[in-house]
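**Student:** File query31.txt follows (compact mmCIF, C-alpha atoms):
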# COMPACT_ATOMS: atom_id res chain seq x y z
CA MET A 1 -5.48 118.46 32.68
CA LYS A 2 -4.24 116.69 29.53
CA THR A 3 -6.66 114.29 27.86
CA VAL A 4 -5.41 110.80 26.95
CA VAL A 5 -7.62 108.39 25.02
CA VAL A 6 -6.98 104.68 25.56
CA PHE A 7 -8.33 102.46 22.80
CA GLY A 8 -8.71 98.82 23.83
CA ALA A 9 -9.31 100.00 27.38
CA THR A 10 -11.15 96.85 28.44
CA GLY A 11 -8.29 94.56 27.41
CA ASN A 12 -5.34 93.00 29.22
CA LEU A 13 -3.07 95.98 28.61
CA GLY A 14 -5.55 98.78 28.05
CA ALA A 15 -7.27 98.45 31.42
CA PRO A 16 -4.10 98.63 33.58
CA VAL A 17 -2.74 101.42 31.36
CA SER A 18 -5.95 103.43 31.82
CA VAL A 19 -5.82 103.06 35.60
CA LYS A 20 -2.13 104.01 35.73
CA LEU A 21 -2.57 107.14 33.60
CA LYS A 22 -5.55 108.25 35.69
CA GLU A 23 -3.42 107.85 38.82
CA ASP A 24 -0.73 109.97 37.14
CA GLY A 25 -3.15 112.87 36.77
CA TYR A 26 -4.36 112.60 33.17
CA ASP A 27 -7.97 112.97 32.06
CA VAL A 28 -8.34 109.45 30.71
CA ILE A 29 -11.03 108.56 28.19
CA ALA A 30 -11.51 104.78 28.02
CA VAL A 31 -12.65 103.34 24.68
CA GLY A 32 -13.44 99.67 24.16
CA GLY A 33 -15.42 97.30 22.00
CA ARG A 34 -17.67 96.13 24.82
CA LYS A 35 -21.13 97.63 25.04
CA ASP A 36 -20.95 97.65 28.83
CA ASP A 37 -17.99 98.06 31.16
CA HIS A 38 -20.22 97.35 34.22
CA GLY A 39 -19.34 100.74 35.67
CA PHE A 40 -15.65 99.90 36.10
CA PHE A 41 -14.27 103.12 34.61
CA ALA A 42 -16.88 105.44 36.15
CA GLU A 43 -15.88 104.14 39.58
CA LYS A 44 -12.34 105.31 38.85
CA GLY A 45 -13.33 108.72 37.51
CA MET A 46 -13.08 107.91 33.79
CA LYS A 47 -15.61 108.14 30.98
CA TYR A 48 -16.17 105.01 28.89
CA TYR A 49 -17.23 104.89 25.24
CA SER A 50 -18.12 101.80 23.23
CA VAL A 51 -16.59 101.91 19.74
CA ASN A 52 -16.08 99.24 17.09
CA ILE A 53 -12.47 99.83 16.10
CA LYS A 54 -13.18 98.37 12.63
CA ASP A 55 -16.12 100.70 11.90
CA LYS A 56 -15.20 104.33 11.26
CA GLU A 57 -18.82 105.41 11.69
CA THR A 58 -18.88 104.37 15.36
CA PHE A 59 -16.09 106.87 16.11
CA ALA A 60 -18.75 109.59 15.92
CA ALA A 61 -19.51 108.74 19.56
CA LEU A 62 -16.17 110.38 20.40
CA ASP A 63 -16.86 113.72 18.69
CA GLU A 64 -17.72 115.41 21.98
CA ILE A 65 -14.28 114.75 23.48
CA GLY A 66 -12.50 117.80 22.06
CA ASP A 67 -8.72 118.10 21.75
CA VAL A 68 -6.61 115.10 22.77
CA TYR A 69 -3.02 115.17 24.04
CA ALA A 70 -2.12 111.50 23.43
CA VAL A 71 -3.59 108.21 22.28
CA CYS A 72 -2.67 104.80 23.68
CA HIS A 73 -3.83 102.37 21.00
CA PHE A 74 -4.10 98.86 22.45
CA ALA A 75 -7.18 97.75 20.49
CA GLY A 76 -7.20 94.90 17.98
CA SER A 77 -7.55 91.15 17.94
CA LEU A 78 -4.85 88.77 19.19
CA PRO A 79 -4.13 85.30 17.78
CA SER A 80 -3.49 84.11 21.34
CA ARG A 81 -6.91 85.16 22.62
CA TYR A 82 -9.32 84.27 19.84
CA ALA A 83 -9.79 81.58 17.21
CA TYR A 84 -7.71 82.36 14.11
CA ASP A 85 -9.48 84.77 11.74
CA PRO A 86 -7.22 86.52 9.18
CA GLN A 87 -10.00 88.86 8.03
CA ASP A 88 -10.60 90.06 11.59
CA LEU A 89 -6.87 90.52 12.24
CA ILE A 90 -6.46 92.80 9.21
CA GLU A 91 -9.63 94.77 9.92
CA SER A 92 -9.16 95.18 13.66
CA ILE A 93 -5.42 95.94 13.56
CA THR A 94 -4.63 97.63 10.24
CA VAL A 95 -7.98 99.23 9.38
CA GLY A 96 -8.57 99.90 13.07
CA THR A 97 -5.26 101.77 13.31
CA LEU A 98 -6.13 103.85 10.24
CA ASN A 99 -9.41 104.80 11.95
CA VAL A 100 -7.54 105.74 15.14
CA LEU A 101 -5.06 107.90 13.20
CA GLN A 102 -7.91 109.71 11.46
CA PHE A 103 -9.52 110.25 14.86
CA MET A 104 -6.23 111.78 16.06
CA LEU A 105 -6.08 114.22 13.15
CA LYS A 106 -9.66 115.27 13.85
CA HIS A 107 -8.89 115.91 17.54
CA ASN A 108 -5.54 117.69 17.10
CA CYS A 109 -3.58 114.81 18.63
CA LYS A 110 -0.01 114.09 17.54
CA LYS A 111 1.21 111.47 20.01
CA ILE A 112 0.50 107.73 19.84
CA ILE A 113 1.68 104.72 21.84
CA PHE A 114 1.24 101.41 20.00
CA PRO A 115 2.24 97.79 20.78
CA GLN A 116 4.22 95.83 18.21
CA THR A 117 4.80 92.08 18.00
CA PRO A 118 8.37 90.72 18.21
CA TYR A 119 7.53 88.44 15.29
CA ASP A 120 8.34 91.37 13.01
CA LEU A 121 11.94 90.36 13.80
CA ALA A 122 11.38 86.61 13.33
CA ASP A 123 14.14 86.53 10.71
CA TYR A 124 16.61 87.28 13.52
CA PHE A 125 15.45 84.78 16.13
CA TYR A 126 18.48 82.64 15.25
CA LYS A 127 20.53 85.09 17.29
CA PHE A 128 19.08 83.68 20.50
CA LYS A 129 20.97 80.41 19.97
CA ASP A 130 24.27 82.22 20.35
CA GLY A 131 23.22 84.28 23.36
CA GLY A 132 22.51 87.31 21.21
CA LYS A 133 19.88 90.00 21.63
CA LEU A 134 17.55 91.70 19.16
CA GLU A 135 18.24 95.39 18.54
CA ALA A 136 15.31 97.80 18.35
CA ASP A 137 15.95 99.12 14.84
CA LEU A 138 16.51 95.92 12.85
CA PRO A 139 14.62 95.82 9.52
CA ARG A 140 11.07 94.52 10.01
CA SER A 141 9.71 91.42 8.32
CA PHE A 142 7.15 88.71 9.16
CA PRO A 143 7.00 84.91 9.56
CA LYS A 144 5.80 83.22 6.39
CA ASP A 145 3.62 80.65 8.17
CA GLY A 146 2.17 79.83 11.58
CA ASP A 147 -0.47 81.42 13.77
CA HIS A 148 1.36 84.78 13.99
CA CYS A 149 1.85 85.28 10.24
CA VAL A 150 -1.20 87.41 9.32
CA TYR A 151 -1.12 89.03 12.75
CA THR A 152 2.41 90.29 12.10
CA ILE A 153 1.53 91.44 8.59
CA ALA A 154 -1.34 93.46 10.05
CA LYS A 155 0.88 94.92 12.78
CA ASP A 156 3.62 95.86 10.32
CA ALA A 157 1.09 97.62 8.09
CA ALA A 158 -0.27 99.50 11.12
CA VAL A 159 3.25 100.64 12.06
CA ASP A 160 3.79 101.79 8.45
CA LEU A 161 0.64 103.93 8.70
CA ILE A 162 1.90 105.43 11.97
CA GLU A 163 5.31 106.16 10.43
CA HIS A 164 3.51 107.85 7.52
CA CYS A 165 1.74 110.16 9.98
CA HIS A 166 5.05 110.84 11.70
CA ALA A 167 6.61 111.89 8.39
CA VAL A 168 3.68 113.93 7.07
CA TYR A 169 2.06 115.36 10.21
CA GLY A 170 4.89 115.26 12.72
CA PHE A 171 3.32 112.65 14.99
CA GLN A 172 5.32 111.52 18.00
CA ARG A 173 5.15 107.73 17.95
CA PHE A 174 6.22 105.19 20.50
CA ILE A 175 6.14 101.68 19.06
CA LEU A 176 6.64 99.23 21.94
CA ARG A 177 7.84 95.75 20.95
CA PHE A 178 7.53 92.90 23.47
CA PHE A 179 7.04 89.15 23.74
CA THR A 180 4.75 88.68 26.75
CA ILE A 181 3.68 91.11 29.44
CA TYR A 182 3.06 88.98 32.51
CA GLU A 183 -0.01 89.82 34.57
CA TYR A 184 -2.90 88.17 36.36
CA HIS A 185 -6.11 87.72 34.40
CA PRO A 186 -8.97 85.45 35.47
CA ASN A 187 -8.81 83.79 32.05
CA PRO A 188 -5.82 81.36 32.12
CA TYR A 189 -6.40 80.07 28.57
CA HIS A 190 -5.06 81.13 25.19
CA TYR A 191 -4.64 79.87 21.64
CA ALA A 192 -1.27 78.44 20.62
CA ASN A 193 -0.72 76.87 17.21
CA PHE A 194 -4.46 77.23 16.56
CA LYS A 195 -5.49 75.23 19.66
CA ARG A 196 -6.97 76.53 22.89
CA ARG A 197 -5.04 75.47 25.97
CA MET A 198 -3.97 76.71 29.40
CA MET A 199 -1.06 79.14 29.31
CA PRO A 200 2.09 77.24 30.37
CA PHE A 201 3.02 79.55 33.25
CA ARG A 202 -0.54 79.35 34.62
CA MET A 203 -0.44 75.55 34.38
CA LEU A 204 2.80 75.54 36.39
CA MET A 205 1.24 77.79 39.03
CA ASP A 206 -1.75 75.47 39.31
CA ARG A 207 0.49 72.46 39.75
CA ALA A 208 2.54 74.27 42.39
CA MET A 209 -0.55 75.35 44.33
CA ASN A 210 -1.73 71.71 44.35
CA SER A 211 1.71 70.35 45.35
CA GLN A 212 1.90 68.34 42.12
CA PRO A 213 5.31 67.34 40.73
CA ILE A 214 6.80 69.59 38.04
CA GLU A 215 9.12 68.36 35.31
CA ILE A 216 11.68 70.69 33.73
CA TRP A 217 12.10 69.88 30.06
CA GLY A 218 15.19 70.27 27.90
CA ASP A 219 18.01 72.69 28.65
CA CYS A 220 16.95 74.22 31.96
CA LYS A 221 19.42 77.10 31.52
CA LYS A 222 17.63 78.55 28.48
CA ARG A 223 16.54 82.09 29.33
CA LYS A 224 13.85 84.56 28.30
CA GLU A 225 12.50 88.03 29.05
CA MET A 226 9.82 88.29 31.75
CA VAL A 227 8.38 91.82 31.89
CA TYR A 228 5.70 92.55 34.49
CA ILE A 229 2.55 94.60 33.83
CA LYS A 230 3.30 97.18 36.53
CA ASP A 231 6.65 97.94 34.93
CA PHE A 232 5.03 98.08 31.49
CA VAL A 233 2.38 100.64 32.47
CA GLN A 234 5.11 102.85 33.89
CA LEU A 235 6.84 102.70 30.51
CA VAL A 236 3.61 103.74 28.77
CA SER A 237 3.26 106.64 31.21
CA ASN A 238 6.83 107.69 30.40
CA CYS A 239 5.96 107.64 26.69
CA VAL A 240 2.91 109.84 27.25
CA ALA A 241 5.02 112.34 29.18
CA SER A 242 7.95 112.32 26.72
CA ASP A 243 8.61 115.24 24.36
CA ILE A 244 10.89 113.32 21.95
CA GLU A 245 9.95 112.15 18.45
CA GLY A 246 9.97 108.54 19.55
CA GLY A 247 10.50 105.47 17.39
CA THR A 248 10.50 101.72 17.96
CA TYR A 249 11.49 100.47 21.41
CA ASN A 250 12.17 96.99 22.74
CA VAL A 251 10.49 96.23 26.05
CA GLY A 252 12.85 94.05 28.06
CA ASN A 253 14.15 93.97 31.60
CA GLY A 254 17.81 93.99 30.69
CA TRP A 255 17.97 90.52 32.23
CA GLN A 256 16.42 87.14 31.47
CA VAL A 257 15.11 84.29 33.60
CA SER A 258 16.15 80.68 33.00
CA LEU A 259 13.53 77.93 32.89
CA GLU A 260 15.00 76.49 36.07
CA GLU A 261 14.73 79.87 37.82
CA GLN A 262 11.16 80.28 36.56
CA ILE A 263 9.99 76.98 37.99
CA LYS A 264 11.88 77.22 41.26
CA GLY A 265 10.37 80.68 41.78
CA ILE A 266 6.85 79.42 41.08
CA VAL A 267 7.27 76.59 43.58
CA GLU A 268 8.67 78.98 46.19
CA VAL A 269 5.78 81.44 45.86
CA PHE A 270 2.78 79.24 45.03
CA SER A 271 3.40 75.85 46.67
CA PRO A 272 2.32 75.19 50.29
CA LYS A 273 5.41 75.60 52.48
CA ASP A 274 4.85 72.26 54.17
CA HIS A 275 4.29 70.35 50.93
CA PRO A 276 6.08 72.00 47.96
CA SER A 277 6.01 70.54 44.47
CA GLN A 278 8.87 68.19 43.71
CA ILE A 279 11.01 69.24 40.75
CA THR A 280 12.53 66.70 38.38
CA TYR A 281 14.59 67.17 35.20
CA ALA A 282 13.98 65.72 31.73
CA PRO A 283 16.86 67.03 29.57
CA GLU A 284 15.98 64.60 26.78
CA LYS A 285 12.72 66.47 26.07
CA PRO A 286 12.39 69.59 23.84
CA ASP A 287 14.15 72.76 24.90
CA PRO A 288 12.09 75.73 26.13
CA LEU A 289 11.73 78.94 24.12
CA GLU A 290 14.35 81.62 24.63
CA ASN A 291 14.52 85.29 23.77
CA ALA A 292 16.40 88.45 24.65
CA PHE A 293 16.07 92.10 23.72
CA ASP A 294 18.60 94.88 23.61
CA SER A 295 16.55 97.49 25.49
CA SER A 296 19.32 100.05 25.97
CA LYS A 297 17.54 102.51 23.66
CA THR A 298 14.37 102.21 25.76
CA PHE A 299 16.23 102.73 29.03
CA LYS A 300 18.09 105.79 27.73
CA GLU A 301 15.48 107.63 25.66
CA LEU A 302 12.43 106.90 27.83
CA ASN A 303 14.13 107.05 31.22
CA TRP A 304 12.71 103.64 32.12
CA LYS A 305 14.12 100.86 34.23
CA PRO A 306 11.95 97.94 35.41
CA LYS A 307 11.63 97.67 39.20
CA TYR A 308 10.08 94.23 39.64
CA SER A 309 12.46 91.30 40.04
CA TYR A 310 11.18 87.92 38.93
CA LEU A 311 10.24 86.90 42.50
CA ASP A 312 8.60 90.29 43.06
CA GLN A 313 6.50 89.65 39.96
CA LEU A 314 5.35 86.28 41.25
CA LYS A 315 4.48 87.63 44.69
CA ASP A 316 2.47 90.50 43.23
CA PHE A 317 0.82 88.12 40.74
CA LYS A 318 -0.32 85.93 43.65
CA LYS A 319 -1.74 88.96 45.44
CA GLU A 320 -3.67 90.00 42.32
CA MET A 321 -4.90 86.44 41.91
CA GLU A 322 -6.38 86.68 45.42
CA THR A 323 -7.86 90.19 45.04
CA ASN A 324 -8.81 90.15 41.30
CA PRO A 325 -8.77 93.99 41.03
CA PHE A 326 -10.31 94.00 37.54
CA GLU A 327 -13.12 91.56 38.40
CA LYS A 328 -15.88 94.03 37.49
CA LEU A 329 -14.38 94.32 34.02
CA TRP A 330 -12.91 90.85 33.39
CA GLY A 331 -15.02 88.58 35.57
CA LYS A 332 -14.03 85.63 37.74
CA PRO A 333 -11.99 82.49 36.96
CA GLU A 334 -15.15 80.38 36.87
CA ASP A 335 -16.38 82.50 33.94
CA TYR A 336 -13.74 80.93 31.70
CA HIS A 337 -13.48 77.36 30.44
CA LEU A 338 -11.08 75.45 28.22
CA ASN A 339 -13.78 74.67 25.64
CA ASP A 340 -14.87 78.30 25.23
CA LYS A 341 -14.84 79.34 21.57
CA ARG A 342 -14.28 83.06 22.25
Just give me the structure as structure tokens.

**Tutor:**
Amino acid sequence: MKTVVVFGATGNLGAPVSVKLKEDGYDVIAVGGRKDDHGFFAEKGMKYYSVNIKDKETFAALDEIGDVYAVCHFAGSLPSRYAYDPQDLIESITVGTLNVLQFMLKHNCKKIIFPQTPYDLADYFYKFKDGGKLEADLPRSFPKDGDHCVYTIAKDAAVDLIEHCHAVYGFQRFILRFFTIYEYHPNPYHYANFKRRMMPFRMLMDRAMNSQPIEIWGDCKKRKEMVYIKDFVQLVSNCVASDIEGGTYNVGNGWQVSLEEQIKGIVEVFSPKDHPSQITYAPEKPDPLENAFDSSKTFKELNWKPKYSYLDQLKDFKKEMETNPFEKLWGKPEDYHLNDKR
């Protein structure tokens, strides 16, 4: 049985990835920053280790693991989840990645899967206005201001370290670039432009569930990628199984969802059938965000094609909202509040 170590295993992506890889027959070692996982991983037949990704010394806890086939590195701070801290972003992402790569060398591992931010292509976002898509191998850069500036700098530096290990040690590397991976989490809040607020799609779901009116702002035909977590974990599994050198891959469906389609779908799935939210249009207000990836390289080289339609995503999201399958790890909705400073 091949051993796969998942760093950031208690997080939004790391936890579902760990569960998926275990289901696929790998010996999964879950590594996270939390001291206690409340027995979540043991229940699913996985060992859990607590490691501070920023502190190389704490990696000694992993010495007993032995040889490792692949590493899924999803650890590191996010500007959307925590109050802005440039020092922490550099240490947890760039230094943390260096520590992970040194761990890999020590454990004879030469395959890594790593998430990249799309803001490394911020210089090309103008293409969206003309209906264009971002190619996977455009030259990387970073935004010069805003809440994703230092985050992107840290991510770019981490990717450079991974590419160094590819060139010198022959590492297979799968750098997965995406905007948002949609999934249920009991915490509906995030930071945007340095302020904590409810995530827009969660706010729309709440309004729909309470039969409140929903207003569509700006150009309702603007479209964006909407990739679901259960498609994403399949992509990660494909990366782990792949024998190619890898590279940078865009994570997109191959189709986008317009704002109008997004809201109509939310009302259809979450509103009471006998009292659905009323939809009105406000084209004079600001346009929604739009984005689109060229994911043809991902589809071809990693043999991946998303299965969940937008409505399928919403229906599964609602089911997960009702069952909360990661409750032991992530808690309940009442554990999270808008004024939390975490």

**Student:** Name all residues at most 6 Å from range 8-15 of chain A (count only C-alpha atoms; drop same-chain ones fewer than 5 positions away) and give them as a list in words.

**Tutor:** Ala30, Val31, Gly32, Phe74 and Ala75 of chain A

**Student:** Pull the neighbourhood of (-16.1, 104.2, 12.9) for me: all residues within 12 Å in file coordinates, counting only C-alpha atoms, as number ranges by chain.

**Tutor:** A: 33, 50-63, 91-92, 95-103

**Student:** Give me the residues within 10 Å of Arg140 in chain A as a list in words, counting only C-alpha atoms and dropping any in the same chain fewer than 4 places off.

**Tutor:**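 Counting only the stated atoms, we get Pro118, Tyr119, Asp120, Leu121, Ala122, Asp123, Tyr124, Ala136, Thr152 and Asp156 of chain A.
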
**Student:** Between A:Val251, A:Val5, A:Ile279, A:Ala292, which has the minimum distance to Pro306 in chain A (counting all atoms listed in the file)?

**Tutor:**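 Distance minimum relative to Pro306 in chain A lands on A:Val251.
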
**Student:** Set the distance at 9 Å and use all atoms listed in the file: which residues neighbour range 213-222 of chain A once local chain neighbours fewer than 2 positions away are removed? I'd like the list as a ChimeraX atom specification.

**Tutor:** /A:204,207-208,211,224,257-261,263,267,276-291

**Student:** One number please: CA of Ile113 in chain A to CA of Val6 in chain A, in Å, one decimal.

**Tutor:** 9.4 Å

**Student:** Given all atoms listed in the file as the basis, pick out the residue of A:Gly39, A:Gly66, A:Gly25, A:Gly76 nearest to Leu329 in chain A.

**Tutor:** A:Gly39

**Student:** Grab the CA of Ile93 in chain A to CA of Ile153 in chain A distance for me, in Å with one decimal place.

**Tutor:**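 Going from CA of Ile93 in chain A over to CA of Ile153 in chain A covers 9.7 Å.
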
**Student:** Would you work out the distance separating CA of Pro139 in chain A from CA of Val240 in chain A, expressed in Å to one decimal?

**Tutor:**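 Straight-line distance from CA of Pro139 in chain A to CA of Val240 in chain A works out to 25.5 Å.
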
**Student:** From the list A:Tyr249, A:Phe40, A:Phe171, A:Trp304, which residue is nearest Phe326 in chain A when using only C-alpha atoms?

**Tutor:** A:Phe40

**Student:** With all atoms listed in the file as the counted atoms, please give the residues lying no more than 9 Å from range 177-191 of chain A, apart from itself and same-chain residues fewer than 5 positions off, as a ChimeraX atom specification.

**Tutor:** /A:12-13,79-84,114-119,136,196-199,202-203,225-230,232,248-252,291,293,313,317-318,320-321,324,326-327,330-338

**Student:** Counting only C-alpha atoms, which residue out of A:Leu302, A:Tyr308, A:Cys165, A:Pro325 sits closest to Trp255 in chain A?

**Tutor:**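 With only C-alpha atoms as the atom set, the closest residue is A:Tyr308.
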
**Student:** Could I get range 293-318 of chain A rebuilt with N, CA, C and O atoms, written as a PDB file, keeping the file's coordinate frame?

**Tutor:**
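The result, written out as selection_7.pdb:
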ATOM      1  N   PHE A 293      16.081  90.822  24.394  1.00  0.00           N
ATOM      2  CA  PHE A 293      16.070  92.100  23.720  1.00  0.00           C
ATOM      3  C   PHE A 293      17.252  92.962  24.157  1.00  0.00           C
ATOM      4  O   PHE A 293      17.678  92.908  25.311  1.00  0.00           O
ATOM      5  N   ASP A 294      17.736  93.775  23.244  1.00  0.00           N
ATOM      6  CA  ASP A 294      18.600  94.880  23.610  1.00  0.00           C
ATOM      7  C   ASP A 294      17.670  96.068  23.864  1.00  0.00           C
ATOM      8  O   ASP A 294      17.116  96.644  22.925  1.00  0.00           O
ATOM      9  N   SER A 295      17.480  96.415  25.123  1.00  0.00           N
ATOM     10  CA  SER A 295      16.550  97.490  25.490  1.00  0.00           C
ATOM     11  C   SER A 295      17.273  98.761  25.902  1.00  0.00           C
ATOM     12  O   SER A 295      16.659  99.645  26.530  1.00  0.00           O
ATOM     13  N   SER A 296      18.535  98.873  25.547  1.00  0.00           N
ATOM     14  CA  SER A 296      19.320 100.050  25.970  1.00  0.00           C
ATOM     15  C   SER A 296      18.714 101.347  25.432  1.00  0.00           C
ATOM     16  O   SER A 296      18.725 102.370  26.123  1.00  0.00           O
ATOM     17  N   LYS A 297      18.183 101.314  24.229  1.00  0.00           N
ATOM     18  CA  LYS A 297      17.540 102.510  23.660  1.00  0.00           C
ATOM     19  C   LYS A 297      16.331 102.916  24.496  1.00  0.00           C
ATOM     20  O   LYS A 297      16.119 104.105  24.756  1.00  0.00           O
ATOM     21  N   THR A 298      15.555 101.941  24.933  1.00  0.00           N
ATOM     22  CA  THR A 298      14.370 102.210  25.760  1.00  0.00           C
ATOM     23  C   THR A 298      14.776 102.828  27.089  1.00  0.00           C
ATOM     24  O   THR A 298      14.188 103.814  27.548  1.00  0.00           O
ATOM     25  N   PHE A 299      15.771 102.223  27.731  1.00  0.00           N
ATOM     26  CA  PHE A 299      16.230 102.730  29.030  1.00  0.00           C
ATOM     27  C   PHE A 299      16.708 104.182  28.915  1.00  0.00           C
ATOM     28  O   PHE A 299      16.385 105.021  29.766  1.00  0.00           O
ATOM     29  N   LYS A 300      17.470 104.469  27.864  1.00  0.00           N
ATOM     30  CA  LYS A 300      18.090 105.790  27.730  1.00  0.00           C
ATOM     31  C   LYS A 300      17.082 106.849  27.304  1.00  0.00           C
ATOM     32  O   LYS A 300      16.970 107.910  27.931  1.00  0.00           O
ATOM     33  N   GLU A 301      16.335 106.593  26.235  1.00  0.00           N
ATOM     34  CA  GLU A 301      15.480 107.630  25.660  1.00  0.00           C
ATOM     35  C   GLU A 301      14.188 107.837  26.434  1.00  0.00           C
ATOM     36  O   GLU A 301      13.614 108.936  26.417  1.00  0.00           O
ATOM     37  N   LEU A 302      13.709 106.797  27.117  1.00  0.00           N
ATOM     38  CA  LEU A 302      12.430 106.900  27.830  1.00  0.00           C
ATOM     39  C   LEU A 302      12.595 106.891  29.343  1.00  0.00           C
ATOM     40  O   LEU A 302      11.601 106.812  30.065  1.00  0.00           O
ATOM     41  N   ASN A 303      13.843 106.944  29.782  1.00  0.00           N
ATOM     42  CA  ASN A 303      14.130 107.050  31.220  1.00  0.00           C
ATOM     43  C   ASN A 303      13.371 105.977  32.003  1.00  0.00           C
ATOM     44  O   ASN A 303      12.727 106.258  33.019  1.00  0.00           O
ATOM     45  N   TRP A 304      13.482 104.743  31.534  1.00  0.00           N
ATOM     46  CA  TRP A 304      12.710 103.640  32.120  1.00  0.00           C
ATOM     47  C   TRP A 304      13.632 102.517  32.557  1.00  0.00           C
ATOM     48  O   TRP A 304      14.543 102.135  31.828  1.00  0.00           O
ATOM     49  N   LYS A 305      13.396 102.015  33.735  1.00  0.00           N
ATOM     50  CA  LYS A 305      14.120 100.860  34.230  1.00  0.00           C
ATOM     51  C   LYS A 305      13.140 100.024  35.057  1.00  0.00           C
ATOM     52  O   LYS A 305      12.583 100.506  36.047  1.00  0.00           O
ATOM     53  N   PRO A 306      12.895  98.771  34.669  1.00  0.00           N
ATOM     54  CA  PRO A 306      11.950  97.940  35.410  1.00  0.00           C
ATOM     55  C   PRO A 306      12.359  97.773  36.871  1.00  0.00           C
ATOM     56  O   PRO A 306      13.544  97.647  37.182  1.00  0.00           O
ATOM     57  N   LYS A 307      11.376  97.779  37.769  1.00  0.00           N
ATOM     58  CA  LYS A 307      11.630  97.670  39.200  1.00  0.00           C
ATOM     59  C   LYS A 307      11.359  96.278  39.755  1.00  0.00           C
ATOM     60  O   LYS A 307      11.907  95.909  40.791  1.00  0.00           O
ATOM     61  N   TYR A 308      10.507  95.511  39.090  1.00  0.00           N
ATOM     62  CA  TYR A 308      10.080  94.230  39.640  1.00  0.00           C
ATOM     63  C   TYR A 308      11.056  93.116  39.267  1.00  0.00           C
ATOM     64  O   TYR A 308      11.243  92.805  38.085  1.00  0.00           O
ATOM     65  N   SER A 309      11.675  92.511  40.278  1.00  0.00           N
ATOM     66  CA  SER A 309      12.460  91.300  40.040  1.00  0.00           C
ATOM     67  C   SER A 309      11.499  90.168  39.699  1.00  0.00           C
ATOM     68  O   SER A 309      10.281  90.301  39.852  1.00  0.00           O
ATOM     69  N   TYR A 310      12.056  89.032  39.279  1.00  0.00           N
ATOM     70  CA  TYR A 310      11.180  87.920  38.930  1.00  0.00           C
ATOM     71  C   TYR A 310      10.360  87.453  40.136  1.00  0.00           C
ATOM     72  O   TYR A 310       9.139  87.251  40.040  1.00  0.00           O
ATOM     73  N   LEU A 311      10.988  87.320  41.301  1.00  0.00           N
ATOM     74  CA  LEU A 311      10.240  86.900  42.500  1.00  0.00           C
ATOM     75  C   LEU A 311       9.229  87.955  42.919  1.00  0.00           C
ATOM     76  O   LEU A 311       8.128  87.620  43.369  1.00  0.00           O
ATOM     77  N   ASP A 312       9.567  89.227  42.759  1.00  0.00           N
ATOM     78  CA  ASP A 312       8.600  90.290  43.060  1.00  0.00           C
ATOM     79  C   ASP A 312       7.381  90.177  42.155  1.00  0.00           C
ATOM     80  O   ASP A 312       6.242  90.392  42.596  1.00  0.00           O
ATOM     81  N   GLN A 313       7.616  89.848  40.895  1.00  0.00           N
ATOM     82  CA  GLN A 313       6.500  89.650  39.960  1.00  0.00           C
ATOM     83  C   GLN A 313       5.570  88.549  40.451  1.00  0.00           C
ATOM     84  O   GLN A 313       4.345  88.712  40.480  1.00  0.00           O
ATOM     85  N   LEU A 314       6.157  87.416  40.820  1.00  0.00           N
ATOM     86  CA  LEU A 314       5.350  86.280  41.250  1.00  0.00           C
ATOM     87  C   LEU A 314       4.552  86.598  42.506  1.00  0.00           C
ATOM     88  O   LEU A 314       3.369  86.236  42.619  1.00  0.00           O
ATOM     89  N   LYS A 315       5.180  87.289  43.453  1.00  0.00           N
ATOM     90  CA  LYS A 315       4.480  87.630  44.690  1.00  0.00           C
ATOM     91  C   LYS A 315       3.326  88.581  44.431  1.00  0.00           C
ATOM     92  O   LYS A 315       2.237  88.443  45.008  1.00  0.00           O
ATOM     93  N   ASP A 316       3.540  89.560  43.557  1.00  0.00           N
ATOM     94  CA  ASP A 316       2.470  90.500  43.230  1.00  0.00           C
ATOM     95  C   ASP A 316       1.378  89.806  42.419  1.00  0.00           C
ATOM     96  O   ASP A 316       0.178  90.093  42.591  1.00  0.00           O
ATOM     97  N   PHE A 317       1.775  88.908  41.536  1.00  0.00           N
ATOM     98  CA  PHE A 317       0.820  88.120  40.740  1.00  0.00           C
ATOM     99  C   PHE A 317      -0.102  87.339  41.684  1.00  0.00           C
ATOM    100  O   PHE A 317      -1.331  87.316  41.499  1.00  0.00           O
ATOM    101  N   LYS A 318       0.476  86.705  42.692  1.00  0.00           N
ATOM    102  CA  LYS A 318      -0.320  85.930  43.650  1.00  0.00           C
ATOM    103  C   LYS A 318      -1.302  86.822  44.387  1.00  0.00           C
ATOM    104  O   LYS A 318      -2.470  86.450  44.596  1.00  0.00           O
TER     105      LYS A 318
END
